[in-house]
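Student: This is the content of target.txt (compact mmCIF, C-alpha atoms):
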```
# COMPACT_ATOMS: atom_id res chain seq x y z
CA MET A 1090 -16.74 -29.77 -11.47
CA SER A 1091 -16.91 -27.02 -8.91
CA LEU A 1092 -14.89 -23.87 -9.26
CA MET A 1093 -12.98 -24.63 -6.07
CA LYS A 1094 -12.02 -28.05 -7.35
CA ARG A 1095 -10.89 -26.75 -10.72
CA ILE A 1096 -8.77 -24.00 -9.24
CA SER A 1097 -7.25 -26.46 -6.77
CA LEU A 1098 -6.25 -28.95 -9.44
CA ILE A 1099 -4.78 -26.37 -11.76
CA PHE A 1100 -2.94 -24.55 -8.99
CA ARG A 1101 -1.49 -27.77 -7.65
CA SER A 1102 -0.31 -28.99 -11.03
CA LYS A 1103 1.39 -25.65 -11.67
CA ALA A 1104 3.02 -25.70 -8.25
CA ASN A 1105 4.28 -29.23 -8.85
CA LYS A 1106 5.67 -28.36 -12.26
CA ALA A 1107 7.60 -25.53 -10.64
CA LEU A 1108 9.44 -27.91 -8.32
CA ASP A 1109 12.95 -28.98 -9.21
CA ARG A 1110 13.53 -32.68 -9.47
CA ALA A 1111 16.95 -34.24 -9.24
CA GLU A 1112 17.98 -37.79 -10.06
CA ASP A 1113 18.78 -38.56 -6.47
CA PRO A 1114 15.53 -37.70 -4.65
CA ARG A 1115 17.50 -36.66 -1.62
CA GLU A 1116 19.28 -34.03 -3.66
CA THR A 1117 15.87 -32.74 -4.67
CA LEU A 1118 15.33 -31.88 -1.02
CA ASP A 1119 18.43 -29.72 -0.92
CA TYR A 1120 17.60 -27.94 -4.18
CA SER A 1121 14.12 -27.26 -2.96
CA TYR A 1122 15.35 -25.99 0.39
CA GLN A 1123 17.64 -23.54 -1.40
CA ARG A 1124 14.71 -22.27 -3.48
CA GLN A 1125 12.68 -21.85 -0.32
CA LEU A 1126 15.40 -19.71 1.24
CA ASP A 1127 15.56 -17.64 -1.96
CA LEU A 1128 11.81 -17.14 -1.87
CA LEU A 1129 12.00 -16.12 1.79
CA SER A 1130 14.50 -13.37 1.03
CA LYS A 1131 12.38 -12.32 -1.93
CA VAL A 1132 9.32 -11.93 0.27
CA ARG A 1133 11.39 -9.98 2.82
CA ARG A 1134 12.50 -7.60 0.07
CA GLY A 1135 8.87 -7.37 -1.04
CA VAL A 1136 7.81 -6.27 2.45
CA ALA A 1137 10.58 -3.64 2.48
CA ASP A 1138 9.61 -2.34 -0.98
CA VAL A 1139 5.97 -1.93 -0.04
CA ALA A 1140 7.01 -0.15 3.18
CA THR A 1141 9.13 2.27 1.15
CA SER A 1142 6.19 3.08 -1.11
CA ARG A 1143 3.94 3.54 1.89
CA LYS A 1144 6.37 6.02 3.46
CA ARG A 1145 6.60 7.96 0.22
CA VAL A 1146 2.83 8.33 0.09
CA GLU A 1147 2.84 9.41 3.75
CA LEU A 1148 5.33 12.13 2.90
CA GLN A 1149 3.21 13.36 0.01
CA VAL A 1150 0.10 13.46 2.18
CA ASN A 1151 2.00 15.60 4.71
CA GLN A 1152 3.22 17.96 1.99
CA LEU A 1153 -0.24 18.40 0.52
CA GLU A 1154 -1.80 18.86 3.95
CA GLN A 1155 0.66 21.64 4.72
CA GLN A 1156 -0.24 23.36 1.48
CA SER A 1157 -3.90 22.93 2.26
CA ALA A 1158 -3.47 24.54 5.70
CA LYS A 1159 -1.58 27.40 4.10
CA LEU A 1160 -4.43 27.99 1.66
CA SER A 1161 -6.87 28.10 4.59
CA ASP A 1162 -4.74 30.77 6.26
CA GLN A 1163 -4.58 32.74 3.04
CA ALA A 1164 -8.35 32.59 2.62
CA GLN A 1165 -8.76 33.82 6.19
CA LYS A 1166 -6.34 36.66 5.59
CA ALA A 1167 -8.02 37.61 2.31
CA ILE A 1168 -11.44 37.75 4.01
CA SER A 1169 -10.08 39.97 6.77
CA MET A 1170 -8.85 42.34 4.06
CA GLY A 1171 -12.22 42.29 2.37
CA ARG A 1172 -10.93 40.43 -0.71
CA GLU A 1173 -13.56 37.75 -1.19
CA ASP A 1174 -12.29 37.03 -4.71
CA LEU A 1175 -8.88 36.00 -3.40
CA ALA A 1176 -10.42 33.99 -0.58
CA ARG A 1177 -12.56 32.17 -3.13
CA GLU A 1178 -9.52 31.39 -5.27
CA ALA A 1179 -7.60 30.04 -2.26
CA LEU A 1180 -10.51 27.85 -1.19
CA THR A 1181 -10.98 26.53 -4.72
CA ARG A 1182 -7.37 25.44 -4.84
CA LYS A 1183 -7.72 23.95 -1.39
CA SER A 1184 -10.66 21.82 -2.48
CA GLY A 1185 -8.59 20.52 -5.40
CA LEU A 1186 -5.89 19.48 -2.95
CA THR A 1187 -8.44 17.77 -0.72
CA GLY A 1188 -9.31 15.43 -3.58
CA GLN A 1189 -5.63 14.55 -4.06
CA ILE A 1190 -5.16 14.03 -0.34
CA ASN A 1191 -8.13 11.65 -0.09
CA ASP A 1192 -6.86 9.71 -3.06
CA LEU A 1193 -3.41 9.39 -1.49
CA LYS A 1194 -4.89 8.33 1.82
CA ALA A 1195 -6.81 5.54 0.08
CA GLN A 1196 -3.56 4.42 -1.58
CA HIS A 1197 -1.84 4.54 1.78
CA ALA A 1198 -4.44 2.25 3.32
CA GLN A 1199 -4.08 -0.14 0.41
CA LEU A 1200 -0.29 -0.25 0.72
CA GLN A 1201 -0.58 -0.81 4.45
CA GLY A 1202 -2.89 -3.74 3.73
CA GLU A 1203 -0.40 -5.22 1.24
CA GLU A 1204 2.41 -4.80 3.73
CA GLU A 1205 0.48 -6.66 6.42
CA LYS A 1206 -0.50 -9.44 4.04
CA LEU A 1207 3.08 -9.93 2.85
CA THR A 1208 4.39 -9.88 6.42
CA LEU A 1209 1.96 -12.66 7.33
CA ALA A 1210 2.89 -14.59 4.18
CA GLN A 1211 6.51 -14.30 5.19
CA GLN A 1212 5.73 -15.69 8.65
CA ARG A 1213 3.75 -18.59 7.20
CA LEU A 1214 6.48 -19.48 4.74
CA GLN A 1215 9.13 -19.14 7.44
CA ALA A 1216 7.31 -21.67 9.64
CA LYS A 1217 6.98 -24.14 6.78
CA VAL A 1218 10.57 -23.75 5.63
CA GLU A 1219 11.71 -24.47 9.18
CA SER A 1220 9.75 -27.68 9.38
CA PHE A 1221 10.83 -28.64 5.86
CA ARG A 1222 14.46 -28.33 6.96
CA THR A 1223 13.85 -30.65 9.92
CA ARG A 1224 11.94 -33.11 7.76
CA LYS A 1225 14.68 -33.03 5.11
CA GLU A 1226 17.41 -33.89 7.62
CA THR A 1227 15.33 -36.70 9.09
CA ILE A 1228 14.62 -38.19 5.67
CA LYS A 1229 18.24 -38.02 4.61
CA ALA A 1230 19.43 -39.61 7.83
CA THR A 1231 16.80 -42.32 8.02
CA TYR A 1232 15.95 -43.61 4.55
CA THR A 1233 17.68 -44.89 1.45
CA ALA A 1234 16.96 -43.01 -1.74
CA ALA A 1235 14.35 -45.54 -2.80
CA GLU A 1236 12.58 -45.58 0.52
CA ALA A 1237 12.67 -41.83 0.81
CA GLN A 1238 10.70 -41.12 -2.36
CA THR A 1239 7.21 -41.16 -0.90
CA ARG A 1240 8.14 -39.05 2.11
CA ILE A 1241 9.96 -36.61 -0.11
CA ASN A 1242 6.96 -36.27 -2.39
CA GLU A 1243 4.76 -35.49 0.58
CA ALA A 1244 7.08 -32.85 1.97
CA MET A 1245 7.69 -31.37 -1.47
CA SER A 1246 4.09 -30.98 -2.50
CA GLY A 1247 3.15 -29.42 0.84
CA ILE A 1248 5.86 -26.80 0.60
CA GLY A 1249 5.33 -26.42 -3.16
CA GLU A 1250 1.79 -25.24 -2.61
CA GLU A 1251 2.91 -22.73 -0.01
CA MET A 1252 5.65 -21.47 -2.32
CA GLY A 1253 3.16 -21.06 -5.13
CA ASP A 1254 0.86 -19.10 -2.85
CA VAL A 1255 3.62 -16.83 -1.51
CA GLY A 1256 5.10 -16.35 -4.98
CA MET A 1257 1.72 -15.21 -6.21
CA ALA A 1258 1.27 -12.89 -3.20
CA ILE A 1259 4.62 -11.23 -3.96
CA GLN A 1260 3.69 -10.85 -7.62
CA ARG A 1261 0.36 -9.23 -6.75
CA ALA A 1262 1.94 -6.89 -4.20
CA GLU A 1263 4.60 -5.89 -6.75
CA ASP A 1264 1.98 -5.15 -9.41
CA LYS A 1265 -0.09 -3.02 -7.06
CA THR A 1266 2.94 -1.19 -5.72
CA ALA A 1267 4.22 -0.50 -9.23
CA GLN A 1268 0.91 1.12 -10.17
CA MET A 1269 1.01 3.31 -7.10
CA GLN A 1270 4.68 4.15 -7.61
CA ALA A 1271 3.77 5.48 -11.02
CA ARG A 1272 1.03 7.66 -9.56
CA ALA A 1273 3.24 8.79 -6.69
CA GLY A 1274 5.90 9.76 -9.23
CA ALA A 1275 3.35 11.78 -11.15
CA ILE A 1276 2.31 13.62 -7.98
CA ASP A 1277 5.95 14.36 -7.09
CA GLU A 1278 6.39 15.83 -10.56
CA LEU A 1279 3.25 17.90 -10.20
CA ILE A 1280 4.42 19.22 -6.84
CA ALA A 1281 7.85 20.03 -8.28
CA SER A 1282 6.40 21.82 -11.31
CA GLY A 1283 4.02 23.91 -9.21
CA ALA A 1284 1.11 22.71 -11.32
CA LEU A 1285 -0.56 21.31 -8.24
CA GLU A 1286 -1.17 24.84 -7.01
CA ASP A 1287 1.89 24.78 -4.81
CA VAL A 1288 1.31 28.06 -3.06
CA SER A 1289 3.95 27.70 -0.38
CA ALA A 1290 5.57 31.00 0.53
CA THR A 1291 8.82 30.16 -1.29
CA SER A 1292 7.15 29.29 -4.56
CA PRO A 1293 7.53 31.92 -7.26
CA GLY A 1294 4.13 30.94 -8.67
CA ASP A 1295 2.31 31.90 -5.48
CA ASP A 1296 0.15 34.72 -6.77
CA ILE A 1297 -2.33 34.69 -3.88
CA ALA A 1298 0.42 35.08 -1.33
CA ARG A 1299 2.07 37.79 -3.43
CA GLU A 1300 -1.10 39.77 -3.72
CA LEU A 1301 -1.87 39.39 -0.03
CA ASP A 1302 1.69 40.45 0.79
CA SER A 1303 1.54 43.49 -1.44
CA MET A 1304 -1.85 44.34 0.01
CA SER A 1305 -0.59 44.10 3.53
CA SER A 1306 2.49 46.18 2.73
CA GLU A 1307 0.24 48.77 1.07
CA ALA A 1308 -1.93 48.69 4.16
CA ASP A 1309 1.14 49.10 6.35
CA VAL A 1310 2.28 52.08 4.31
CA GLU A 1311 -1.16 53.68 4.54
CA ALA A 1312 -1.29 53.12 8.28
CA GLU A 1313 2.20 54.56 8.72
CA LEU A 1314 1.28 57.57 6.58
CA ALA A 1315 -1.89 58.14 8.56
CA ARG A 1316 0.08 57.98 11.79
CA LEU A 1317 2.68 60.43 10.50
CA LYS A 1318 0.00 62.79 9.22
CA ALA A 1319 -1.80 62.63 12.56
CA GLY A 1320 1.44 63.39 14.36
CA ALA A 1321 2.31 66.30 12.06
CA GLN A 1322 -1.01 68.05 12.62
CA PRO A 1323 -1.06 70.02 15.88
CA GLN A 1324 -4.86 70.06 16.08
CA ALA A 1325 -4.78 66.38 17.08
CA ILE A 1326 -4.35 67.05 20.77
CA GLU A 1327 -3.16 63.61 21.89
CA GLY A 1328 -0.76 63.42 18.96
CA THR A 1329 0.98 66.69 19.71
CA GLU A 1330 3.57 65.49 22.21
CA SER A 1331 4.58 62.34 20.45
CA GLY A 1332 4.40 64.09 17.08
CA GLY A 1333 6.63 66.82 18.42
CA ALA A 1334 9.05 64.23 19.71
CA VAL A 1335 9.28 62.61 16.32
CA LEU A 1336 9.89 65.93 14.64
CA GLU A 1337 12.50 66.86 17.21
CA SER A 1338 14.30 63.55 17.10
CA GLU A 1339 14.47 63.51 13.31
CA PRO A 1340 16.87 66.40 12.91
CA GLU A 1341 18.97 65.10 15.82
CA ARG A 1342 19.39 61.74 14.14
CA ARG A 1343 20.26 63.41 10.88
CA THR A 1344 22.84 65.53 12.66
CA THR A 1345 24.41 62.49 14.24
CA GLU A 1346 24.50 60.68 10.93
CA GLY A 1347 25.90 63.73 9.24
CA GLY A 1348 28.59 63.99 11.91
CA ALA A 1349 29.56 60.42 11.53
CA SER A 1350 30.05 60.63 7.82
CA MET B 57 -10.40 -31.30 5.10
CA ILE B 58 -7.91 -28.51 4.42
CA ILE B 59 -8.96 -25.44 2.42
CA ARG B 60 -6.40 -22.83 1.39
CA ILE B 61 -7.44 -19.25 0.72
CA LEU B 62 -4.63 -17.89 -1.44
CA GLY B 63 -2.84 -15.07 0.33
CA GLU B 64 -4.30 -16.10 3.71
CA GLY B 65 -3.19 -19.65 4.41
CA GLN B 66 -4.82 -22.98 5.20
CA PHE B 67 -7.95 -23.72 7.22
CA ASP B 68 -9.24 -26.97 8.66
CA VAL B 69 -12.86 -27.30 7.66
CA SER B 70 -15.28 -29.98 8.80
CA GLU B 71 -16.88 -32.11 6.07
CA ASP B 72 -20.29 -31.11 7.44
CA ALA B 73 -19.73 -27.57 6.24
CA LEU B 74 -19.10 -28.63 2.64
CA PRO B 75 -22.68 -28.59 1.31
CA ARG B 76 -23.11 -24.97 2.34
CA LEU B 77 -19.70 -24.01 0.92
CA ASN B 78 -20.57 -25.77 -2.32
CA GLU B 79 -23.67 -23.62 -2.64
CA LEU B 80 -21.58 -20.49 -2.17
CA ASP B 81 -19.05 -21.86 -4.64
CA ALA B 82 -21.77 -22.39 -7.23
CA ALA B 83 -22.74 -18.72 -6.91
CA VAL B 84 -19.12 -17.67 -7.57
CA GLU B 85 -18.94 -20.01 -10.53
CA SER B 86 -22.11 -18.69 -12.14
CA ALA B 87 -20.91 -15.09 -11.66
CA VAL B 88 -17.62 -16.01 -13.39
CA GLU B 89 -19.48 -17.62 -16.26
CA GLN B 90 -21.75 -14.63 -16.71
CA GLY B 91 -18.85 -12.21 -16.39
CA ASP B 92 -20.76 -10.31 -13.70
CA GLU B 93 -18.01 -8.50 -11.76
CA ALA B 94 -20.28 -7.16 -8.97
CA ALA B 95 -22.02 -10.48 -8.34
CA PHE B 96 -18.64 -12.20 -8.46
CA ALA B 97 -17.08 -9.94 -5.80
CA ALA B 98 -20.06 -10.41 -3.48
CA ALA B 99 -20.20 -14.18 -3.98
CA LEU B 100 -16.45 -14.62 -3.49
CA ALA B 101 -16.56 -12.57 -0.28
CA GLN B 102 -19.38 -14.79 1.02
CA LEU B 103 -17.57 -17.98 0.12
CA LEU B 104 -14.33 -16.89 1.80
CA ASP B 105 -16.20 -15.63 4.86
CA GLY B 106 -17.89 -19.01 5.03
CA VAL B 107 -14.51 -20.77 5.06
CA ARG B 108 -13.07 -18.41 7.68
CA THR B 109 -16.15 -18.83 9.87
CA VAL B 110 -16.39 -22.61 9.87
CA GLY B 111 -12.65 -23.23 9.54
CA VAL B 112 -9.81 -23.01 12.02
CA PRO B 113 -6.26 -22.14 10.93
CA HIS B 114 -4.30 -25.26 9.99
CA ASP B 115 -1.08 -25.97 11.90
CA ALA B 116 1.41 -23.42 10.55
CA GLU B 117 4.32 -25.88 10.55
CA ALA B 118 2.52 -28.72 8.80
CA LEU B 119 3.60 -29.53 5.24
CA ASP B 120 0.21 -30.74 4.11
CA GLU B 121 -1.39 -30.26 0.74
CA SER B 122 -4.78 -28.58 0.68
CA ASP B 123 -7.85 -30.40 -0.56
CA LEU B 124 -9.28 -27.19 -1.97
CA ILE B 125 -7.69 -23.92 -3.00
CA LEU B 126 -9.62 -20.65 -3.24
CA PRO B 127 -8.73 -17.35 -4.93
CA PRO B 128 -7.45 -14.42 -2.84
CA ALA B 129 -10.09 -12.16 -1.28
CA ASP B 130 -9.27 -9.21 -3.55
CA ALA B 131 -9.07 -11.26 -6.74
CA SER B 132 -10.76 -9.77 -9.77
CA LEU B 133 -12.89 -11.82 -12.12
CA GLU B 134 -10.08 -11.61 -14.63
CA GLU B 135 -7.58 -13.05 -12.14
CA VAL B 136 -9.86 -15.97 -11.38
CA ARG B 137 -10.10 -16.66 -15.12
CA GLU B 138 -6.30 -16.71 -15.18
CA LEU B 139 -6.27 -19.10 -12.23
CA LEU B 140 -8.49 -21.37 -14.28
CA SER B 141 -6.31 -21.17 -17.34
CA ASP B 142 -3.18 -23.16 -17.95
CA GLU B 143 -0.91 -20.19 -18.30
CA GLY B 144 1.46 -18.66 -15.79
CA LEU B 145 0.27 -17.04 -12.58
CA ILE B 146 2.46 -19.05 -10.28
CA PRO B 147 5.88 -17.56 -10.84
CA GLY B 148 8.48 -20.26 -11.43
```
Since I need it in another form, could you write the structure as structure tokens?
Tutor:
Amino acid sequence: MSLMKRISLIFRSKANKALDRAEDPRETLDYSYQRQLDLLSKVRRGVADVATSRKRVELQVNQLEQQSAKLSDQAQKAISMGREDLAREALTRKSGLTGQINDLKAQHAQLQGEEEKLTLAQQRLQAKVESFRTRKETIKATYTAAEAQTRINEAMSGIGEEMGDVGMAIQRAEDKTAQMQARAGAIDELIASGALEDVSATSPGDDIARELDSMSSEADVEAELARLKAGAQPQAIEGTESGGAVLESEPERRTTEGGAS
Amino acid sequence: MIIRILGEGQFDVSEDALPRLNELDAAVESAVEQGDEAAFAAALAQLLDGVRTVGVPHDAEALDESDLILPPADASLEEVRELLSDEGLIPG
């Protein structure tokens, strides 16, 4: 027997077993309708859960991309200060982040796909539940219990198959989302612990930024010193006037401060 | 006839298309038997594409049973084995 045929038979028999049967066949319709409504809210929750996971991954991608941009800036700054070693370190960390970012983007695409699939499943089930409700009311109004049996069986098996399909879709989406949740949790922890080379300016572990900062403050000090020296030496012709002004204003300021105290 | 692709819904497929679909189905089946994951994925994709190409979506509001049911497009070989087993898979 062909694969398609085997799967069909087994799936159908499972779906039928899952249906509730009551003594009064017309009651069966009401039970089943209730289960359909339950399944509909379950699939709605499923869509919302997947959307939440997707947003979380989006947030992580943004965070990592910001860090990556920061590392680019740091590499640029290090090069302009002639520190190739620091630039190399920054770029190495950046390339590590790029791997993480690509991985997260792939997860994001997968979650988006699951979300779309579940949304469509929800719409399909919704349409069938609607027509089941109409059919159920017609059957109850028109037939005696005995007469209704065949019609009920038809309606039940049609919706049973759809419920089996949607139930399976929810299960698969949940499994996939759970796997990604676990990985997303691990990345959040890594970001929090700084182990993911979190070199944002506020992070205490940001050695590249610290070194660049200390280098630029050293450079500032040197530049300031050079300027002061240039001003203090009269042989620098252009510097004489401004240098003189600085020297003159210094004592004045001191006098004022002294007076105030 | 009506063919359901799990996770996608039902398609109306003309009987004329069945011989070709059966060929594609045989390829999936042999890949499952040999446990060849790569061949299985390719064969399943071809089979489902075949159904989508020759089929038209079945009326969304109809409560009809399908004549044939196919695994979801992203099913793994393992999942198809589960579909063929008597245990679980369709949550109660």
Student: Mind listing as a PyMOL selection string which residues of chain B are within 10 Å of chain A, counting all atoms listed in the file?
Tutor: chain B and resi 59-66+77-79+81-86+88+115-128+131+136-148
Student: If we count all atoms listed in the file and set the cut-off at 12 Å, which residues sit around B:Thr109, ignoring sequence neighbours fewer than 5 positions away in its own chain? Please answer as a list in words.
Tutor: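 So, after excluding close chain neighbours, the residues are Phe67, Asp68, Val69, Ser70, Ala73, Arg76, Leu77, Ala101, Gln102, Leu103 and Leu104 of chain B.
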Student: Please report the interatomic distance between atom CA of A:Gly1171 and atom CA of A:Gly1188 in Å with one decimal.
Tutor: 27.7 Å
Student: Figure out the distance between atom CA of A:Pro1114 and atom CA of A:Lys1229, please, to one decimal in Å.
Tutor: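 We find that atom CA of A:Lys1229 and atom CA of A:Pro1114 lie 9.7 Å from each other.
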Student: Within 9 Å of (11.0, -38.6, -2.4), in the coordinates the file gives, what residues turn up when you count all atoms listed in the file, written out as a list in words?
Tutor: Asp1113, Pro1114, Arg1115, Thr1117, Leu1118, Ile1228, Ala1234, Ala1235, Glu1236, Ala1237, Gln1238, Thr1239, Arg1240, Ile1241, Asn1242, Glu1243, Ala1244 and Met1245 of chain A
Student: Using all atoms listed in the file, which protein or nucleic acid residues come within 12 Å of A:Leu1186? Drop anything in the same chain fewer than 2 positions from it, and give the result as a PDB file with C-alpha atoms, keeping the file's coordinate frame.
Tutor:
```pdb
ATOM      1  CA  GLN A1149       3.210  13.360   0.010  1.00  0.00           C
ATOM      2  CA  VAL A1150       0.100  13.460   2.180  1.00  0.00           C
ATOM      3  CA  ASN A1151       2.000  15.600   4.710  1.00  0.00           C
ATOM      4  CA  GLN A1152       3.220  17.960   1.990  1.00  0.00           C
ATOM      5  CA  LEU A1153      -0.240  18.400   0.520  1.00  0.00           C
ATOM      6  CA  GLU A1154      -1.800  18.860   3.950  1.00  0.00           C
ATOM      7  CA  GLN A1155       0.660  21.640   4.720  1.00  0.00           C
ATOM      8  CA  GLN A1156      -0.240  23.360   1.480  1.00  0.00           C
ATOM      9  CA  SER A1157      -3.900  22.930   2.260  1.00  0.00           C
ATOM     10  CA  ALA A1158      -3.470  24.540   5.700  1.00  0.00           C
ATOM     11  CA  LYS A1159      -1.580  27.400   4.100  1.00  0.00           C
ATOM     12  CA  LEU A1160      -4.430  27.990   1.660  1.00  0.00           C
ATOM     13  CA  SER A1161      -6.870  28.100   4.590  1.00  0.00           C
ATOM     14  CA  ALA A1179      -7.600  30.040  -2.260  1.00  0.00           C
ATOM     15  CA  LEU A1180     -10.510  27.850  -1.190  1.00  0.00           C
ATOM     16  CA  THR A1181     -10.980  26.530  -4.720  1.00  0.00           C
ATOM     17  CA  ARG A1182      -7.370  25.440  -4.840  1.00  0.00           C
ATOM     18  CA  LYS A1183      -7.720  23.950  -1.390  1.00  0.00           C
ATOM     19  CA  SER A1184     -10.660  21.820  -2.480  1.00  0.00           C
ATOM     20  CA  GLY A1188      -9.310  15.430  -3.580  1.00  0.00           C
ATOM     21  CA  GLN A1189      -5.630  14.550  -4.060  1.00  0.00           C
ATOM     22  CA  ILE A1190      -5.160  14.030  -0.340  1.00  0.00           C
ATOM     23  CA  ASN A1191      -8.130  11.650  -0.090  1.00  0.00           C
ATOM     24  CA  ASP A1192      -6.860   9.710  -3.060  1.00  0.00           C
ATOM     25  CA  LEU A1193      -3.410   9.390  -1.490  1.00  0.00           C
ATOM     26  CA  ILE A1276       2.310  13.620  -7.980  1.00  0.00           C
ATOM     27  CA  LEU A1279       3.250  17.900 -10.200  1.00  0.00           C
ATOM     28  CA  ILE A1280       4.420  19.220  -6.840  1.00  0.00           C
ATOM     29  CA  ALA A1284       1.110  22.710 -11.320  1.00  0.00           C
ATOM     30  CA  LEU A1285      -0.560  21.310  -8.240  1.00  0.00           C
ATOM     31  CA  GLU A1286      -1.170  24.840  -7.010  1.00  0.00           C
ATOM     32  CA  ASP A1287       1.890  24.780  -4.810  1.00  0.00           C
ATOM     33  CA  VAL A1288       1.310  28.060  -3.060  1.00  0.00           C
TER      34      VAL A1288
END
```
Student: Go ahead and compute the interatomic distance for atom CA of A:Gln1268 and atom CA of A:Glu1205, in Å to one decimal.
Tutor: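 Value for the atom CA of A:Gln1268-atom CA of A:Glu1205 distance: 18.3 Å.
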Student: Taking 6 positions as the minimum chain separation for residues in the same chain, which residues sit within 10 Å of A:Ser1130 when counting all atoms listed in the file? Answer as a ChimeraX atom specification.
Tutor: /A:1124,1136,1211
Student: Would you put the residues from that selection into a file with C-alpha atoms, as a tab-separated table (two decimals), in the frame of the given file?
Tutor:
```tsv
chain	number	residue	atom	x	y	z
A	1124	ARG	CA	14.71	-22.27	-3.48
A	1136	VAL	CA	7.81	-6.27	2.45
A	1211	GLN	CA	6.51	-14.30	5.19
```
Student: Could you pull stretch 1305-1320 of chain A out of the block above and give me N, CA and C atoms, as a tab-separated table (two decimals), in the first residue's frame?
Tutor:
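The new file decode_1.tsv reads:
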```
chain	number	residue	atom	x	y	z
A	1305	SER	N	43.05	58.18	24.63
A	1305	SER	CA	42.65	59.50	24.15
A	1305	SER	C	42.82	60.54	25.26
A	1306	SER	N	42.66	60.15	26.53
A	1306	SER	CA	42.88	61.16	27.55
A	1306	SER	C	44.38	61.47	27.68
A	1307	GLU	N	45.22	60.42	27.49
A	1307	GLU	CA	46.66	60.68	27.47
A	1307	GLU	C	47.01	61.63	26.33
A	1308	ALA	N	46.38	61.34	25.17
A	1308	ALA	CA	46.66	62.18	24.00
A	1308	ALA	C	46.20	63.61	24.26
A	1309	ASP	N	45.05	63.73	24.92
A	1309	ASP	CA	44.55	65.07	25.24
A	1309	ASP	C	45.53	65.81	26.15
A	1310	VAL	N	46.02	65.09	27.16
A	1310	VAL	CA	46.96	65.69	28.10
A	1310	VAL	C	48.21	66.16	27.38
A	1311	GLU	N	48.73	65.26	26.49
A	1311	GLU	CA	49.94	65.62	25.74
A	1311	GLU	C	49.70	66.86	24.89
A	1312	ALA	N	48.54	66.89	24.23
A	1312	ALA	CA	48.24	68.01	23.36
A	1312	ALA	C	48.14	69.31	24.17
A	1313	GLU	N	47.50	69.20	25.32
A	1313	GLU	CA	47.33	70.36	26.20
A	1313	GLU	C	48.69	70.86	26.67
A	1314	LEU	N	49.54	69.88	27.08
A	1314	LEU	CA	50.89	70.22	27.54
A	1314	LEU	C	51.67	70.94	26.45
A	1315	ALA	N	51.57	70.36	25.22
A	1315	ALA	CA	52.31	70.94	24.10
A	1315	ALA	C	51.84	72.37	23.86
A	1316	ARG	N	50.54	72.57	23.98
A	1316	ARG	CA	49.98	73.90	23.75
A	1316	ARG	C	50.49	74.88	24.81
A	1317	LEU	N	50.47	74.40	26.06
A	1317	LEU	CA	50.94	75.25	27.16
A	1317	LEU	C	52.41	75.60	27.01
A	1318	LYS	N	53.19	74.54	26.64
A	1318	LYS	CA	54.63	74.77	26.47
A	1318	LYS	C	54.85	75.81	25.37
A	1319	ALA	N	54.12	75.62	24.26
A	1319	ALA	CA	54.28	76.53	23.12
A	1319	ALA	C	53.95	77.95	23.55
A	1320	GLY	N	52.92	78.08	24.36
A	1320	GLY	CA	52.49	79.41	24.81
A	1320	GLY	C	53.51	80.02	25.77
```
